[in-house]
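Asks: One structure is given below, represented as structure tokens, and several questions about it will come after.
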Amino acid sequence: MARPKKYKIELTDNELKILKSVIRKNKTSKTIRCRCQIIIDL
């Protein structure tokens, strides 16, 4: 089986700040929080 591709993502400080604020908001769905966390971890 082929391995999944790994993408190199470089976030600016502002983009990282926005993603972290989205994760902290209570109105954000679990799916969006999970996706934001995945992007931060890349």
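Identifiers for the structure tokens are assigned positionally: chains receive A, B, ... in sequence, residues are indexed from 1 per chain, and ligands are indexed from 1 in the order shown.
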With only C-alpha atoms as the counted atoms, please give the residues lying no more than 10 Å from range 20-24 of chain A, apart from itself and same-chain residues fewer than 3 positions off, as a VMD selection string.

Replies: chain A and resid 14 to 17 27 to 30 32 to 37 40

Asks: For the selection you just gave me, I'd like the residues written to a file as an mmCIF file, in the first residue's frame, keeping N, CA and C atoms.

Replies:
```
data_model
loop_
_atom_site.group_PDB
_atom_site.id
_atom_site.type_symbol
_atom_site.label_atom_id
_atom_site.label_comp_id
_atom_site.auth_asym_id
_atom_site.auth_seq_id
_atom_site.Cartn_x
_atom_site.Cartn_y
_atom_site.Cartn_z
ATOM 1 N N ASN A 14 0.245 35.228 12.260
ATOM 2 C CA ASN A 14 -1.155 35.660 12.258
ATOM 3 C C ASN A 14 -2.093 34.485 11.961
ATOM 4 N N GLU A 15 -1.739 33.664 10.996
ATOM 5 C CA GLU A 15 -2.564 32.503 10.653
ATOM 6 C C GLU A 15 -2.632 31.512 11.816
ATOM 7 N N LEU A 16 -1.515 31.307 12.478
ATOM 8 C CA LEU A 16 -1.482 30.417 13.634
ATOM 9 C C LEU A 16 -2.362 30.950 14.757
ATOM 10 N N LYS A 17 -2.313 32.242 14.957
ATOM 11 C CA LYS A 17 -3.132 32.891 15.985
ATOM 12 C C LYS A 17 -4.624 32.720 15.681
ATOM 13 N N LYS A 27 -18.434 28.000 19.955
ATOM 14 C CA LYS A 27 -19.400 27.792 18.871
ATOM 15 C C LYS A 27 -18.824 26.978 17.715
ATOM 16 N N THR A 28 -17.531 26.729 17.737
ATOM 17 C CA THR A 28 -16.889 25.987 16.663
ATOM 18 C C THR A 28 -17.228 24.501 16.780
ATOM 19 N N SER A 29 -17.585 23.899 15.654
ATOM 20 C CA SER A 29 -17.932 22.477 15.674
ATOM 21 C C SER A 29 -16.688 21.624 15.928
ATOM 22 N N LYS A 30 -16.921 20.427 16.373
ATOM 23 C CA LYS A 30 -15.830 19.507 16.690
ATOM 24 C C LYS A 30 -15.007 19.186 15.442
ATOM 25 N N ILE A 32 -14.452 21.113 12.786
ATOM 26 C CA ILE A 32 -13.593 22.244 12.445
ATOM 27 C C ILE A 32 -12.434 22.344 13.428
ATOM 28 N N ARG A 33 -12.709 22.124 14.704
ATOM 29 C CA ARG A 33 -11.636 22.144 15.710
ATOM 30 C C ARG A 33 -10.574 21.099 15.384
ATOM 31 N N CYS A 34 -11.025 19.917 15.022
ATOM 32 C CA CYS A 34 -10.113 18.825 14.694
ATOM 33 C C CYS A 34 -9.266 19.178 13.471
ATOM 34 N N ARG A 35 -9.882 19.741 12.458
ATOM 35 C CA ARG A 35 -9.157 20.120 11.244
ATOM 36 C C ARG A 35 -8.132 21.210 11.522
ATOM 37 N N CYS A 36 -8.515 22.177 12.350
ATOM 38 C CA CYS A 36 -7.583 23.247 12.723
ATOM 39 C C CYS A 36 -6.388 22.671 13.466
ATOM 40 N N GLN A 37 -6.647 21.736 14.365
ATOM 41 C CA GLN A 37 -5.562 21.129 15.133
ATOM 42 C C GLN A 37 -4.630 20.335 14.224
ATOM 43 N N ILE A 40 -2.388 22.782 12.449
ATOM 44 C CA ILE A 40 -1.366 23.310 13.359
ATOM 45 C C ILE A 40 -0.253 22.279 13.564
#
```

Asks: Could you pull out the helix (DSSP H, G or I) residues of range 2-42 of chain A, going by DSSP on the backbone, and write them as a PyMOL selection string?

Replies: chain A and resi 13-24+30-41

Asks: Limited to C-alpha atoms, could you put the picked residues into a file as a PDB file, in the first residue's frame?

Replies:
```
ATOM      1  CA  ASP A  13       2.165  34.018  13.100  1.00  0.00           C
ATOM      2  CA  ASN A  14      -1.155  35.660  12.258  1.00  0.00           C
ATOM      3  CA  GLU A  15      -2.564  32.503  10.653  1.00  0.00           C
ATOM      4  CA  LEU A  16      -1.482  30.417  13.634  1.00  0.00           C
ATOM      5  CA  LYS A  17      -3.132  32.891  15.985  1.00  0.00           C
ATOM      6  CA  ILE A  18      -6.394  32.725  13.998  1.00  0.00           C
ATOM      7  CA  LEU A  19      -6.437  28.907  14.017  1.00  0.00           C
ATOM      8  CA  LYS A  20      -5.837  28.796  17.763  1.00  0.00           C
ATOM      9  CA  SER A  21      -8.640  31.294  18.370  1.00  0.00           C
ATOM     10  CA  VAL A  22     -11.019  29.187  16.254  1.00  0.00           C
ATOM     11  CA  ILE A  23     -10.165  26.133  18.383  1.00  0.00           C
ATOM     12  CA  ARG A  24     -10.891  28.035  21.612  1.00  0.00           C
ATOM     13  CA  LYS A  30     -15.830  19.507  16.690  1.00  0.00           C
ATOM     14  CA  THR A  31     -14.991  18.772  13.056  1.00  0.00           C
ATOM     15  CA  ILE A  32     -13.593  22.244  12.445  1.00  0.00           C
ATOM     16  CA  ARG A  33     -11.636  22.144  15.710  1.00  0.00           C
ATOM     17  CA  CYS A  34     -10.113  18.825  14.694  1.00  0.00           C
ATOM     18  CA  ARG A  35      -9.157  20.120  11.244  1.00  0.00           C
ATOM     19  CA  CYS A  36      -7.583  23.247  12.723  1.00  0.00           C
ATOM     20  CA  GLN A  37      -5.562  21.129  15.133  1.00  0.00           C
ATOM     21  CA  ILE A  38      -4.371  18.903  12.297  1.00  0.00           C
ATOM     22  CA  ILE A  39      -3.198  21.939  10.322  1.00  0.00           C
ATOM     23  CA  ILE A  40      -1.366  23.310  13.359  1.00  0.00           C
ATOM     24  CA  ASP A  41       0.360  19.957  13.921  1.00  0.00           C
TER      25      ASP A  41
END
```

Asks: Quick one: everything within 9 Å of Leu42 in chain A, counting only C-alpha atoms, minus sequence neighbours fewer than 4 positions away in the same chain. Send it as a ChimeraX atom specification.

Replies: /A:6-10,37-38
